[in-house]
2 protein chains.
Amino acid sequence: MIKTVEWTGDSVVMIDQRLLPEEEVYRRYDDYRDVAAAIRNMTVRGAPAIGVAAAFGVALGARQYKGEDWNGYEAHMSKVCDELATTRPTAVNLFWAIEQMKAVLAEARQQKLTPWQATELLVERAKQIHASDIEANERLGRYGAELLPAKGIVLTHCNAGALATAGYGTALGVIRAAIAAGKQIQVYADETRPLLQGARLTCWELQKDNIPVTLITDNMSGYFMKQGLIKAVVVGADRIAANGDVANKIGTYMLAVLAQAHSIPFYVAAPTSTCDLSIPSGEHIPIERRANEEVTELAGRRIAPQGVAVANPAFDVTPNEYITAIITEKGVAFAPYIESLKRLLQGEN
Amino acid sequence: MIKTVEWTGDSVVMIDQRLLPEEEVYRRYDDYRDVAAAIRNMTVRGAPAIGVAAAFGVALGARQYKGEDWNGYEAHMSKVCDELATTRPTAVNLFWAIEQMKAVLAEARQQKLTPWQATELLVERAKQIHASDIEANERLGRYGAELLPAKGIVLTHCNAGALATAGYGTALGVIRAAIAAGKQIQVYADETRPLLQGARLTCWELQKDNIPVTLITDNMSGYFMKQGLIKAVVVGADRIAANGDVANKIGTYMLAVLAQAHSIPFYVAAPTSTCDLSIPSGEHIPIERRANEEVTELAGRRIAPQGVAVANPAFDVTPNEYITAIITEKGVAFAPYIESLKRLLQGEN
C-alpha cells in the first residue's frame, strides 16, 4: 500500500505529491512548521490525508517543546494548533484532527499528567487517527462496493485514493473493494485541472494496483456519459454539511449535474471525519481561492497571455439533491441526509 | 484585425496558432501539401478558418500545375482536393470550401476555359470565400448582439474568434458586435483542454481588443453558473446537422447541459457554411479522435504516468434541445431547427 503519511517514531515522512508521477520522493519532517508548509503547498493533499498530517504535525509540535511547565506548554501548543489550522480552509478533516488532539491535551491536563506524558498521548492519538483512517476507508470501501454495478466503467474526479488518505482511499477505496469483491470495474479518471490530481495521482496509484484506468480531460465526462459508458460516478469530499451538501474539488458539481441529467448514480465516499454537522448547508463552507499561476502556468511554463484575469476556486459545493448516496465507514446515508447523516454519526457513541 | 489566413498573391500566410500567445509567428505556404499539413497539425484551426485555408490550398495546388491539358489538370486537382479533404473529419466548412472550388473547376471546364484561366478563377473564388467569411461574421455578430444582455458575463468555450475564422469571429464576433453596440459584456473563457485554445487564443485576442476576459479551467463553469454570474453562453460550431444538433469542441455538450440546468441561454454562432443539411442529426457527424499525447503532455511536459490509457475525442455533439438559438449571417434560427435552418439556408438562393 502507498504510504502517504507515516510516523517514524520521531518524525513524519510524506510522499511529495507535487512531483508524482515523475518522481517518487519521500520527505522527512522534524518541525511542525514544515508540516504546516507541506499542507499549504500541497506536498500532502486530500482531506483525510491533511487531517492525518495535521495530527502528526501537532504531535511533532508537542515534541518540540522542551520545557516542563503546563502554562508554557499550553501556550506553545496553542501556537502549534493555530499554525496548522490556518493552512487550508475547506477540508474539515484538518480542523477535526486538531480538535481531536486538543481534546487529548485538555484531558491530560485535567488528569494532571506532565507535559512530557501529554506529548506521548498526543503521539499515540495521532497514530490512532492514522490507523483508523485506513480502517475507515477499508470499511466504507466495502459498503460502497455493494452499490457499484457488477461490471462497468466508474468515473472519478481528482484523487480520492490512497494518496488522499492515510491509505486505501475513499472513492478509490470503494473501487478497490468492488474489485476485491470480484466486480469488473474500470475507471475513467478526470485529469482535474488545474493541479491535475487525476492525471498525476489517480492514474499513478490505479496503475500500481493494476486497476484499468483511462485518463480523460475534465470536459470529456459529459461526452462519455451521453454515450452510456459511465455506470456510476464516485468522488471523495472535503466537507459534508448537515444537510448532505458536499464540498469537493472544483468540477465535482458539474459532474453531479451531468450524472443526474444522464440518470447515472452519483456517490460521495468519505469518512465521518469529513462530516461537519455544525453547519446546516454547503453555503457555509469556505471555498479556498488559490493562486492564479496554478491556472496560467504549468511546470513554470506560461500557457496563457500575461496579465489575463483568472478565477481559481479550488472547490465547489454539490447540493444534496444531486447525490445518490454518501458512503461512510459507519454505513451508507441516503436522502434526506439531514436525518441519515445524524443517525450515522450518532452511532459513533 | 488579426490576420488568421491571408492570400499574398502567390502564397498563403497563416499565423501559427500552436505558438500563441508566446510567439506571434506567420508562416508562408507555397505548396498545397504544406497547407494540408498545417490544417492537420493545427497551425490553423477553427471550422471557418479551416475552410478558408482549404480554399487557398486548392488555389495554390492549381497554381502548382504547369501543364496545359485538362485531363492532367483535373487529375492533379482531384489529388489536391483529396489531400486537403482528408486533413480533419469534423468541421464541415472544410468540405464545403472544397466543394465550392470543385464547382468553379467544373464550370470552367464546361465553359472551355484553359487550365490557366480556371486557376485564376479558383484563386478569385478562394479570395471571395475569405472575404465573405469576414462579412458573414460581422453580419451574424450583429444578429447575435441583440440576443445578449445589456450587461453581464458571457461564457465561451474554445476559440470561436478571429483566429477560428478569416476574421472577427463567430462567438467572439457576437461579443465584439454587442460591445460595439454599447453593451457591457465581460467574457469568461474556458481554457479548453487539451489544446488550451481558450487560454492561449481567446484570451489573447480579447486582450488585443481590450475586451475584459477572465480565464477559468473547464471544470469551473458549473460553479460560476450556480453563482448566477454567467448570463449567457456563446460558442461556435464545427458542423450543424439539419435538426440543429451541433458538433463543437469537446466540452461544449457539458456546458449546454449545465446552461439548461441553470436556465442560462445557450447560443451557437456559425456561418451557414457550417450547416450540413445533408445529415439528419448529430449522430451522423464523424468525431475526430486525436493523439494521446495531447492529453498526457502539457506544454511539452509529461503530466500523466507512462503507459496510461487515454481517450481523446476532439469534439462532441450537443442535441438541439439544449440550444436556445443558432446565430447565422442569414439570421437567427430557433427551434424547431429542422424548419428554421432550412428556411435560412434557402434564403441564400
# chains A, B, ... in the order shown; residues from 1 in each chain; ligands from 1
>>> interface_residues(of="chain B", to="chain A", cutoff="9 Å", atoms="only C-alpha atoms", output="ChimeraX atom specification")
/B:20-22,191-194,196,198-201,203-204,207,212-223,250-255,257-258,261,295-296,298-299,301-313,315-317
>>> write_last_selection(atoms="C-alpha atoms", output="short mmCIF file (atom, residue, chain, number, x, y, z; two decimals), in the first residue's frame")
data_model
loop_
_atom_site.label_atom_id
_atom_site.label_comp_id
_atom_site.auth_asym_id
_atom_site.auth_seq_id
_atom_site.Cartn_x
_atom_site.Cartn_y
_atom_site.Cartn_z
CA LEU B 20 0.34 31.64 -29.42
CA PRO B 21 0.32 33.50 -27.09
CA GLU B 22 4.04 33.20 -26.50
CA GLU B 191 -9.22 27.19 -21.03
CA THR B 192 -10.35 24.22 -23.20
CA ARG B 193 -8.14 21.24 -22.61
CA PRO B 194 -6.33 19.53 -24.11
CA LEU B 196 -5.93 25.19 -24.48
CA GLY B 198 -9.41 29.21 -24.70
CA ALA B 199 -6.39 30.08 -22.57
CA ARG B 200 -4.00 30.61 -25.44
CA LEU B 201 -6.13 32.08 -28.22
CA CYS B 203 -7.68 35.35 -24.01
CA TRP B 204 -5.02 36.62 -26.38
CA GLN B 207 -6.92 41.20 -24.68
CA PRO B 212 -12.42 42.15 -20.33
CA VAL B 213 -11.72 38.41 -20.10
CA THR B 214 -11.30 36.05 -17.15
CA LEU B 215 -9.67 32.69 -17.69
CA ILE B 216 -11.13 29.64 -15.93
CA THR B 217 -10.48 25.91 -16.19
CA ASP B 218 -13.12 23.81 -17.94
CA ASN B 219 -14.38 22.34 -14.70
CA MET B 220 -15.24 25.73 -13.17
CA SER B 221 -18.09 26.83 -15.43
CA GLY B 222 -20.74 24.98 -13.39
CA TYR B 223 -19.53 26.75 -10.27
CA ILE B 250 -15.20 18.70 -26.69
CA GLY B 251 -16.84 20.11 -23.55
CA THR B 252 -19.49 22.09 -25.39
CA TYR B 253 -22.15 19.47 -24.61
CA MET B 254 -21.40 19.68 -20.88
CA LEU B 255 -21.79 23.45 -20.98
CA VAL B 257 -26.49 20.68 -20.19
CA LEU B 258 -25.27 22.93 -17.38
CA ALA B 261 -29.90 23.27 -15.63
CA VAL B 295 -3.82 14.77 -23.03
CA THR B 296 -0.75 13.23 -21.39
CA LEU B 298 1.01 19.78 -21.43
CA ALA B 299 3.31 22.39 -22.91
CA ARG B 301 5.88 18.20 -20.32
CA ARG B 302 4.56 14.77 -19.36
CA ILE B 303 1.70 15.10 -16.86
CA ALA B 304 0.45 11.51 -16.59
CA PRO B 305 2.20 8.23 -15.87
CA GLN B 306 3.73 6.38 -18.79
CA GLY B 307 1.51 3.76 -20.37
CA VAL B 308 -1.83 5.09 -19.10
CA ALA B 309 -4.80 4.58 -21.43
CA VAL B 310 -6.26 7.80 -22.82
CA ALA B 311 -9.42 8.83 -24.63
CA ASN B 312 -9.24 11.98 -26.73
CA PRO B 313 -12.37 12.81 -28.73
CA PHE B 315 -15.49 17.20 -30.44
CA ASP B 316 -18.88 16.36 -29.01
CA VAL B 317 -22.43 16.79 -30.22
#
>>> residues_around(residues="stretch 40-50 of chain B", least_positions_apart="4", cutoff="7 Å", atoms="only C-alpha atoms", output="PyMOL selection string")
chain B and resi 16-18+36+54+87-88+91+93-94+160+164-166+238
>>> select_by_dssp(residues="stretch 161-335 of chain A", states="helix (DSSP H, G or I)", output="PyMOL selection string")
chain A and resi 162-164+171-180+197-208+218-226+252-261+272-274+282-284+293-296+320-322
>>> select_by_dssp(residues="stretch 55-178 of chain A", states="strand (DSSP E)", output="PyMOL selection string")
chain A and resi 151-156
>>> write_last_selection(atoms="N, CA, C and O atoms", output="compact mmCIF listing (two decimals), in the first residue's frame")
# COMPACT_ATOMS: atom_id res chain seq x y z
N LYS A 151 -20.22 -4.83 -13.19
CA LYS A 151 -19.33 -4.66 -14.33
C LYS A 151 -19.55 -3.29 -14.92
O LYS A 151 -20.68 -2.84 -15.03
N GLY A 152 -18.47 -2.62 -15.30
CA GLY A 152 -18.66 -1.36 -15.99
C GLY A 152 -17.66 -0.30 -15.61
O GLY A 152 -16.78 -0.53 -14.78
N ILE A 153 -17.83 0.85 -16.24
CA ILE A 153 -16.90 1.96 -16.05
C ILE A 153 -17.43 2.91 -14.98
O ILE A 153 -18.59 3.31 -15.01
N VAL A 154 -16.55 3.23 -14.04
CA VAL A 154 -16.88 4.19 -12.99
C VAL A 154 -16.00 5.42 -13.21
O VAL A 154 -14.79 5.29 -13.43
N LEU A 155 -16.63 6.58 -13.17
CA LEU A 155 -15.89 7.83 -13.34
C LEU A 155 -15.52 8.40 -11.98
O LEU A 155 -16.33 8.38 -11.05
N THR A 156 -14.29 8.89 -11.86
CA THR A 156 -13.92 9.60 -10.64
C THR A 156 -13.23 10.91 -11.00
O THR A 156 -12.79 11.10 -12.14
>>> residues_around(residues="stretch 123-127 of chain B", least_positions_apart="2", cutoff="10 Å", atoms="only C-alpha atoms", output="CSV table (one decimal) with all heavy atoms, in the first residue's frame")
chain,number,residue,atom,x,y,z
B,6,GLU,N,-4.2,34.5,-45.0
B,6,GLU,CA,-4.1,35.6,-46.0
B,6,GLU,C,-3.5,35.1,-47.3
B,6,GLU,O,-2.6,34.3,-47.3
B,6,GLU,CB,-3.2,36.7,-45.5
B,6,GLU,CG,-4.0,37.9,-44.8
B,6,GLU,CD,-3.2,39.1,-45.0
B,6,GLU,OE1,-2.0,39.1,-44.6
B,6,GLU,OE2,-3.8,40.1,-45.5
B,7,TRP,N,-4.0,35.6,-48.4
B,7,TRP,CA,-3.5,35.3,-49.7
B,7,TRP,C,-2.6,36.5,-50.1
B,7,TRP,O,-3.1,37.7,-50.0
B,7,TRP,CB,-4.7,35.2,-50.7
B,7,TRP,CG,-4.2,34.9,-52.1
B,7,TRP,CD1,-4.2,35.7,-53.1
B,7,TRP,CD2,-3.8,33.6,-52.6
B,7,TRP,NE1,-3.8,35.1,-54.3
B,7,TRP,CE2,-3.5,33.8,-54.0
B,7,TRP,CE3,-3.6,32.4,-52.0
B,7,TRP,CZ2,-3.1,32.8,-54.8
B,7,TRP,CZ3,-3.1,31.3,-52.8
B,7,TRP,CH2,-2.9,31.5,-54.2
B,9,GLY,N,-1.0,36.8,-53.0
B,9,GLY,CA,-0.8,37.0,-54.5
B,9,GLY,C,-0.3,35.7,-55.1
B,9,GLY,O,-0.7,35.3,-56.1
B,10,ASP,N,0.7,35.1,-54.4
B,10,ASP,CA,1.2,33.8,-54.9
B,10,ASP,C,1.5,32.8,-53.7
B,10,ASP,O,2.1,31.8,-54.0
B,10,ASP,CB,2.5,34.1,-55.7
B,10,ASP,CG,3.5,34.9,-55.0
B,10,ASP,OD1,3.3,35.1,-53.8
B,10,ASP,OD2,4.5,35.2,-55.6
B,51,GLY,N,-11.9,26.1,-43.5
B,51,GLY,CA,-12.5,26.2,-44.8
B,51,GLY,C,-11.7,27.1,-45.7
B,51,GLY,O,-11.4,26.8,-46.9
B,52,VAL,N,-11.4,28.3,-45.2
B,52,VAL,CA,-10.7,29.3,-45.9
B,52,VAL,C,-9.3,28.8,-46.3
B,52,VAL,O,-8.9,29.0,-47.5
B,52,VAL,CB,-10.6,30.6,-45.1
B,52,VAL,CG1,-9.7,31.7,-45.8
B,52,VAL,CG2,-12.0,31.2,-44.9
B,53,ALA,N,-8.6,28.2,-45.4
B,53,ALA,CA,-7.3,27.7,-45.6
B,53,ALA,C,-7.3,26.6,-46.7
B,53,ALA,O,-6.5,26.6,-47.6
B,53,ALA,CB,-6.7,27.1,-44.4
B,54,ALA,N,-8.4,25.8,-46.7
B,54,ALA,CA,-8.5,24.7,-47.7
B,54,ALA,C,-8.8,25.3,-49.1
B,54,ALA,O,-8.2,24.9,-50.1
B,54,ALA,CB,-9.6,23.8,-47.3
B,55,ALA,N,-9.6,26.4,-49.1
B,55,ALA,CA,-9.8,27.0,-50.4
B,55,ALA,C,-8.5,27.6,-51.0
B,55,ALA,O,-8.2,27.4,-52.2
B,55,ALA,CB,-10.9,28.1,-50.2
B,56,PHE,N,-7.8,28.3,-50.1
B,56,PHE,CA,-6.5,28.8,-50.6
B,56,PHE,C,-5.5,27.6,-51.0
B,56,PHE,O,-4.7,27.8,-51.9
B,56,PHE,CB,-5.8,29.7,-49.5
B,56,PHE,CG,-6.4,31.1,-49.5
B,56,PHE,CD1,-6.7,31.7,-48.2
B,56,PHE,CD2,-6.7,31.8,-50.6
B,56,PHE,CE1,-7.2,32.9,-48.2
B,56,PHE,CE2,-7.2,33.1,-50.6
B,56,PHE,CZ,-7.5,33.7,-49.3
B,57,GLY,N,-5.6,26.5,-50.2
B,57,GLY,CA,-4.8,25.4,-50.6
B,57,GLY,C,-5.2,24.8,-51.9
B,57,GLY,O,-4.2,24.5,-52.7
B,58,VAL,N,-6.4,24.8,-52.3
B,58,VAL,CA,-6.9,24.3,-53.6
B,58,VAL,C,-6.3,25.3,-54.7
B,58,VAL,O,-5.8,24.9,-55.7
B,58,VAL,CB,-8.4,24.2,-53.7
B,58,VAL,CG1,-8.8,23.9,-55.2
B,58,VAL,CG2,-8.9,23.1,-52.8
B,59,ALA,N,-6.4,26.6,-54.4
B,59,ALA,CA,-5.9,27.6,-55.3
B,59,ALA,C,-4.4,27.5,-55.5
B,59,ALA,O,-3.9,27.5,-56.7
B,59,ALA,CB,-6.2,29.0,-54.8
B,60,LEU,N,-3.7,27.3,-54.4
B,60,LEU,CA,-2.2,27.0,-54.5
B,60,LEU,C,-1.9,25.8,-55.3
B,60,LEU,O,-1.0,25.8,-56.2
B,60,LEU,CB,-1.6,26.8,-53.1
B,60,LEU,CG,-1.0,27.9,-52.3
B,60,LEU,CD1,-0.3,27.3,-51.1
B,60,LEU,CD2,0.0,28.7,-53.2
B,62,ALA,N,-3.7,24.5,-57.6
B,62,ALA,CA,-4.0,24.8,-59.1
B,62,ALA,C,-2.8,25.5,-59.7
B,62,ALA,O,-2.3,25.2,-60.8
B,62,ALA,CB,-5.2,25.6,-59.2
B,63,ARG,N,-2.2,26.4,-58.9
B,63,ARG,CA,-1.1,27.2,-59.4
B,63,ARG,C,0.2,26.3,-59.6
B,63,ARG,O,1.0,26.6,-60.4
B,63,ARG,CB,-0.7,28.2,-58.4
B,63,ARG,CG,-1.7,29.4,-58.4
B,63,ARG,CD,-0.9,30.7,-58.3
B,63,ARG,NE,-1.8,31.8,-58.7
B,63,ARG,CZ,-1.4,33.0,-58.7
B,63,ARG,NH1,-0.2,33.3,-58.2
B,63,ARG,NH2,-2.2,34.0,-59.0
B,97,ALA,N,-15.9,24.2,-48.5
B,97,ALA,CA,-15.0,25.1,-49.3
B,97,ALA,C,-14.4,24.3,-50.5
B,97,ALA,O,-14.4,24.8,-51.6
B,97,ALA,CB,-13.9,25.6,-48.4
B,98,ILE,N,-14.1,23.0,-50.3
B,98,ILE,CA,-13.5,22.2,-51.4
B,98,ILE,C,-14.6,22.0,-52.4
B,98,ILE,O,-14.3,22.1,-53.6
B,98,ILE,CB,-13.0,20.9,-50.8
B,98,ILE,CG1,-11.7,21.2,-50.0
B,98,ILE,CG2,-12.6,20.0,-52.0
B,98,ILE,CD1,-11.2,20.0,-49.2
B,100,GLN,N,-17.0,24.1,-53.1
B,100,GLN,CA,-17.1,25.4,-53.8
B,100,GLN,C,-16.1,25.5,-54.9
B,100,GLN,O,-16.4,26.0,-56.0
B,100,GLN,CB,-16.9,26.6,-52.8
B,100,GLN,CG,-17.9,26.6,-51.7
B,100,GLN,CD,-19.3,27.1,-52.2
B,100,GLN,OE1,-19.4,28.1,-52.9
B,100,GLN,NE2,-20.3,26.4,-51.9
B,101,MET,N,-14.9,25.1,-54.6
B,101,MET,CA,-13.8,25.2,-55.5
B,101,MET,C,-14.0,24.2,-56.7
B,101,MET,O,-13.7,24.5,-57.8
B,101,MET,CB,-12.4,24.9,-54.8
B,101,MET,CG,-12.1,25.9,-53.7
B,101,MET,SD,-12.0,27.6,-54.2
B,101,MET,CE,-10.3,27.6,-54.7
B,104,VAL,N,-16.3,25.6,-59.2
B,104,VAL,CA,-15.7,26.6,-60.1
B,104,VAL,C,-14.9,25.8,-61.2
B,104,VAL,O,-15.0,26.2,-62.4
B,104,VAL,CB,-14.7,27.4,-59.3
B,104,VAL,CG1,-13.8,28.3,-60.3
B,104,VAL,CG2,-15.4,28.3,-58.3
B,118,ALA,N,-8.8,28.7,-65.6
B,118,ALA,CA,-9.5,28.1,-64.4
B,118,ALA,C,-8.8,28.3,-63.1
B,118,ALA,O,-9.5,28.7,-62.1
B,118,ALA,CB,-9.6,26.5,-64.7
B,119,THR,N,-7.5,28.3,-63.1
B,119,THR,CA,-6.7,28.6,-61.9
B,119,THR,C,-7.0,30.0,-61.4
B,119,THR,O,-7.2,30.2,-60.2
B,119,THR,CB,-5.2,28.3,-62.2
B,119,THR,OG1,-5.1,26.9,-62.4
B,119,THR,CG2,-4.4,28.8,-61.1
B,120,GLU,N,-7.0,30.9,-62.4
B,120,GLU,CA,-7.3,32.3,-61.9
B,120,GLU,C,-8.7,32.4,-61.3
B,120,GLU,O,-8.8,33.1,-60.3
B,120,GLU,CB,-7.2,33.2,-63.2
B,120,GLU,CG,-5.8,33.5,-63.6
B,120,GLU,CD,-4.9,33.8,-62.5
B,120,GLU,OE1,-5.0,35.0,-61.9
B,120,GLU,OE2,-4.0,33.0,-62.1
B,121,LEU,N,-9.7,31.7,-61.8
B,121,LEU,CA,-11.0,31.7,-61.2
B,121,LEU,C,-11.0,31.0,-59.8
B,121,LEU,O,-11.7,31.5,-58.9
B,121,LEU,CB,-12.0,31.0,-62.1
B,121,LEU,CG,-12.3,31.7,-63.4
B,121,LEU,CD1,-13.3,30.8,-64.2
B,121,LEU,CD2,-12.9,33.1,-63.2
B,129,ILE,N,-14.2,33.5,-50.8
B,129,ILE,CA,-14.6,32.8,-49.6
B,129,ILE,C,-14.0,33.4,-48.4
B,129,ILE,O,-14.7,33.6,-47.3
B,129,ILE,CB,-14.1,31.3,-49.8
B,129,ILE,CG1,-15.0,30.6,-50.8
B,129,ILE,CG2,-14.1,30.6,-48.4
B,129,ILE,CD1,-14.6,29.2,-51.1
B,130,HIS,N,-12.8,33.9,-48.5
B,130,HIS,CA,-12.1,34.6,-47.4
B,130,HIS,C,-12.9,35.8,-47.0
B,130,HIS,O,-13.2,36.1,-45.9
B,130,HIS,CB,-10.6,34.9,-47.8
B,130,HIS,CG,-9.9,35.7,-46.8
B,130,HIS,ND1,-9.8,37.1,-46.8
B,130,HIS,CD2,-9.1,35.3,-45.8
B,130,HIS,CE1,-9.1,37.5,-45.8
B,130,HIS,NE2,-8.6,36.4,-45.2
B,131,ALA,N,-13.1,36.7,-48.0
B,131,ALA,CA,-13.8,37.9,-47.8
B,131,ALA,C,-15.2,37.7,-47.2
B,131,ALA,O,-15.6,38.4,-46.3
B,131,ALA,CB,-13.8,38.8,-49.0
B,132,SER,N,-15.9,36.8,-47.8
B,132,SER,CA,-17.3,36.6,-47.4
B,132,SER,C,-17.4,36.0,-46.0
B,132,SER,O,-18.4,36.1,-45.3
B,132,SER,CB,-18.1,35.9,-48.4
B,132,SER,OG,-17.7,34.6,-48.5
B,133,ASP,N,-16.3,35.3,-45.6
B,133,ASP,CA,-16.4,34.8,-44.2
B,133,ASP,C,-16.3,35.9,-43.2
B,133,ASP,O,-17.1,35.9,-42.2
B,133,ASP,CB,-15.2,33.8,-44.0
B,133,ASP,CG,-15.3,33.1,-42.6
B,133,ASP,OD1,-16.3,32.4,-42.3
B,133,ASP,OD2,-14.4,33.4,-41.7
>>> residues_around(residues="B:Ile323", least_positions_apart="5", cutoff="9 Å", atoms="only C-alpha atoms", output="PDB file with all heavy atoms, in the first residue's frame")
ATOM      1  N   GLY B 244     -30.455  20.719 -36.204  1.00  0.00           N
ATOM      2  CA  GLY B 244     -29.912  21.686 -35.254  1.00  0.00           C
ATOM      3  C   GLY B 244     -28.965  21.099 -34.219  1.00  0.00           C
ATOM      4  O   GLY B 244     -28.482  21.827 -33.355  1.00  0.00           O
ATOM      5  N   ASP B 245     -28.686  19.799 -34.286  1.00  0.00           N
ATOM      6  CA  ASP B 245     -27.640  19.242 -33.420  1.00  0.00           C
ATOM      7  C   ASP B 245     -26.308  19.854 -33.840  1.00  0.00           C
ATOM      8  O   ASP B 245     -26.041  20.001 -35.040  1.00  0.00           O
ATOM      9  CB  ASP B 245     -27.537  17.717 -33.576  1.00  0.00           C
ATOM     10  CG  ASP B 245     -28.737  16.975 -33.009  1.00  0.00           C
ATOM     11  OD1 ASP B 245     -29.602  17.619 -32.368  1.00  0.00           O
ATOM     12  OD2 ASP B 245     -28.798  15.741 -33.201  1.00  0.00           O
ATOM     13  N   VAL B 246     -25.474  20.161 -32.847  1.00  0.00           N
ATOM     14  CA  VAL B 246     -24.246  20.910 -33.131  1.00  0.00           C
ATOM     15  C   VAL B 246     -23.003  20.160 -32.649  1.00  0.00           C
ATOM     16  O   VAL B 246     -22.868  19.842 -31.472  1.00  0.00           O
ATOM     17  CB  VAL B 246     -24.289  22.296 -32.444  1.00  0.00           C
ATOM     18  CG1 VAL B 246     -22.919  22.981 -32.507  1.00  0.00           C
ATOM     19  CG2 VAL B 246     -25.347  23.178 -33.094  1.00  0.00           C
ATOM     20  N   ALA B 256     -23.719  22.980 -22.367  1.00  0.00           N
ATOM     21  CA  ALA B 256     -25.118  23.126 -22.782  1.00  0.00           C
ATOM     22  C   ALA B 256     -26.047  22.502 -21.736  1.00  0.00           C
ATOM     23  O   ALA B 256     -27.074  23.082 -21.378  1.00  0.00           O
ATOM     24  CB  ALA B 256     -25.329  22.481 -24.147  1.00  0.00           C
ATOM     25  N   GLN B 260     -28.654  24.704 -19.407  1.00  0.00           N
ATOM     26  CA  GLN B 260     -30.079  24.412 -19.273  1.00  0.00           C
ATOM     27  C   GLN B 260     -30.467  24.214 -17.799  1.00  0.00           C
ATOM     28  O   GLN B 260     -31.490  24.715 -17.341  1.00  0.00           O
ATOM     29  CB  GLN B 260     -30.441  23.173 -20.086  1.00  0.00           C
ATOM     30  CG  GLN B 260     -31.944  22.975 -20.176  1.00  0.00           C
ATOM     31  CD  GLN B 260     -32.304  21.856 -21.136  1.00  0.00           C
ATOM     32  OE1 GLN B 260     -32.268  20.681 -20.795  1.00  0.00           O
ATOM     33  NE2 GLN B 260     -32.650  22.223 -22.349  1.00  0.00           N
ATOM     34  N   PRO B 265     -29.329  31.072 -21.232  1.00  0.00           N
ATOM     35  CA  PRO B 265     -29.422  30.837 -22.681  1.00  0.00           C
ATOM     36  C   PRO B 265     -28.094  30.344 -23.257  1.00  0.00           C
ATOM     37  O   PRO B 265     -27.025  30.792 -22.851  1.00  0.00           O
ATOM     38  CB  PRO B 265     -29.807  32.205 -23.251  1.00  0.00           C
ATOM     39  CG  PRO B 265     -29.554  33.190 -22.167  1.00  0.00           C
ATOM     40  CD  PRO B 265     -29.610  32.460 -20.867  1.00  0.00           C
ATOM     41  N   PHE B 266     -28.207  29.414 -24.190  1.00  0.00           N
ATOM     42  CA  PHE B 266     -27.042  28.788 -24.806  1.00  0.00           C
ATOM     43  C   PHE B 266     -27.111  29.019 -26.308  1.00  0.00           C
ATOM     44  O   PHE B 266     -27.974  28.468 -26.985  1.00  0.00           O
ATOM     45  CB  PHE B 266     -27.050  27.285 -24.480  1.00  0.00           C
ATOM     46  CG  PHE B 266     -25.846  26.558 -24.998  1.00  0.00           C
ATOM     47  CD1 PHE B 266     -24.705  26.458 -24.212  1.00  0.00           C
ATOM     48  CD2 PHE B 266     -25.835  25.990 -26.264  1.00  0.00           C
ATOM     49  CE1 PHE B 266     -23.574  25.807 -24.682  1.00  0.00           C
ATOM     50  CE2 PHE B 266     -24.712  25.341 -26.748  1.00  0.00           C
ATOM     51  CZ  PHE B 266     -23.581  25.245 -25.945  1.00  0.00           C
ATOM     52  N   TYR B 267     -26.202  29.854 -26.817  1.00  0.00           N
ATOM     53  CA  TYR B 267     -26.232  30.237 -28.227  1.00  0.00           C
ATOM     54  C   TYR B 267     -25.079  29.616 -29.006  1.00  0.00           C
ATOM     55  O   TYR B 267     -23.954  29.549 -28.514  1.00  0.00           O
ATOM     56  CB  TYR B 267     -26.133  31.760 -28.360  1.00  0.00           C
ATOM     57  CG  TYR B 267     -27.253  32.504 -27.669  1.00  0.00           C
ATOM     58  CD1 TYR B 267     -26.991  33.340 -26.590  1.00  0.00           C
ATOM     59  CD2 TYR B 267     -28.570  32.363 -28.094  1.00  0.00           C
ATOM     60  CE1 TYR B 267     -28.017  34.038 -25.951  1.00  0.00           C
ATOM     61  CE2 TYR B 267     -29.606  33.049 -27.458  1.00  0.00           C
ATOM     62  CZ  TYR B 267     -29.318  33.886 -26.381  1.00  0.00           C
ATOM     63  OH  TYR B 267     -30.332  34.554 -25.760  1.00  0.00           O
ATOM     64  N   VAL B 268     -25.389  29.221 -30.224  1.00  0.00           N
ATOM     65  CA  VAL B 268     -24.363  28.746 -31.160  1.00  0.00           C
ATOM     66  C   VAL B 268     -24.274  29.769 -32.285  1.00  0.00           C
ATOM     67  O   VAL B 268     -25.293  30.140 -32.866  1.00  0.00           O
ATOM     68  CB  VAL B 268     -24.733  27.360 -31.722  1.00  0.00           C
ATOM     69  CG1 VAL B 268     -23.752  26.950 -32.812  1.00  0.00           C
ATOM     70  CG2 VAL B 268     -24.769  26.327 -30.602  1.00  0.00           C
ATOM     71  N   THR B 318     -23.905  18.463 -29.327  1.00  0.00           N
ATOM     72  CA  THR B 318     -24.928  18.998 -28.432  1.00  0.00           C
ATOM     73  C   THR B 318     -26.279  18.861 -29.118  1.00  0.00           C
ATOM     74  O   THR B 318     -26.497  19.452 -30.181  1.00  0.00           O
ATOM     75  CB  THR B 318     -24.647  20.480 -28.123  1.00  0.00           C
ATOM     76  OG1 THR B 318     -23.378  20.577 -27.484  1.00  0.00           O
ATOM     77  CG2 THR B 318     -25.721  21.067 -27.218  1.00  0.00           C
ATOM     78  N   PHE B 334     -34.407  29.519 -34.499  1.00  0.00           N
ATOM     79  CA  PHE B 334     -34.899  28.975 -33.230  1.00  0.00           C
ATOM     80  C   PHE B 334     -35.531  27.614 -33.516  1.00  0.00           C
ATOM     81  O   PHE B 334     -35.817  27.280 -34.666  1.00  0.00           O
ATOM     82  CB  PHE B 334     -35.951  29.914 -32.624  1.00  0.00           C
ATOM     83  CG  PHE B 334     -35.401  31.263 -32.240  1.00  0.00           C
ATOM     84  CD1 PHE B 334     -35.501  32.350 -33.120  1.00  0.00           C
ATOM     85  CD2 PHE B 334     -34.789  31.454 -31.006  1.00  0.00           C
ATOM     86  CE1 PHE B 334     -34.992  33.602 -32.769  1.00  0.00           C
ATOM     87  CE2 PHE B 334     -34.273  32.708 -30.659  1.00  0.00           C
ATOM     88  CZ  PHE B 334     -34.381  33.778 -31.535  1.00  0.00           C
ATOM     89  N   ALA B 335     -35.772  26.845 -32.448  1.00  0.00           N
ATOM     90  CA  ALA B 335     -36.409  25.540 -32.600  1.00  0.00           C
ATOM     91  C   ALA B 335     -37.810  25.717 -33.164  1.00  0.00           C
ATOM     92  O   ALA B 335     -38.459  26.720 -32.858  1.00  0.00           O
ATOM     93  CB  ALA B 335     -36.457  24.834 -31.250  1.00  0.00           C
TER      94      ALA B 335
END
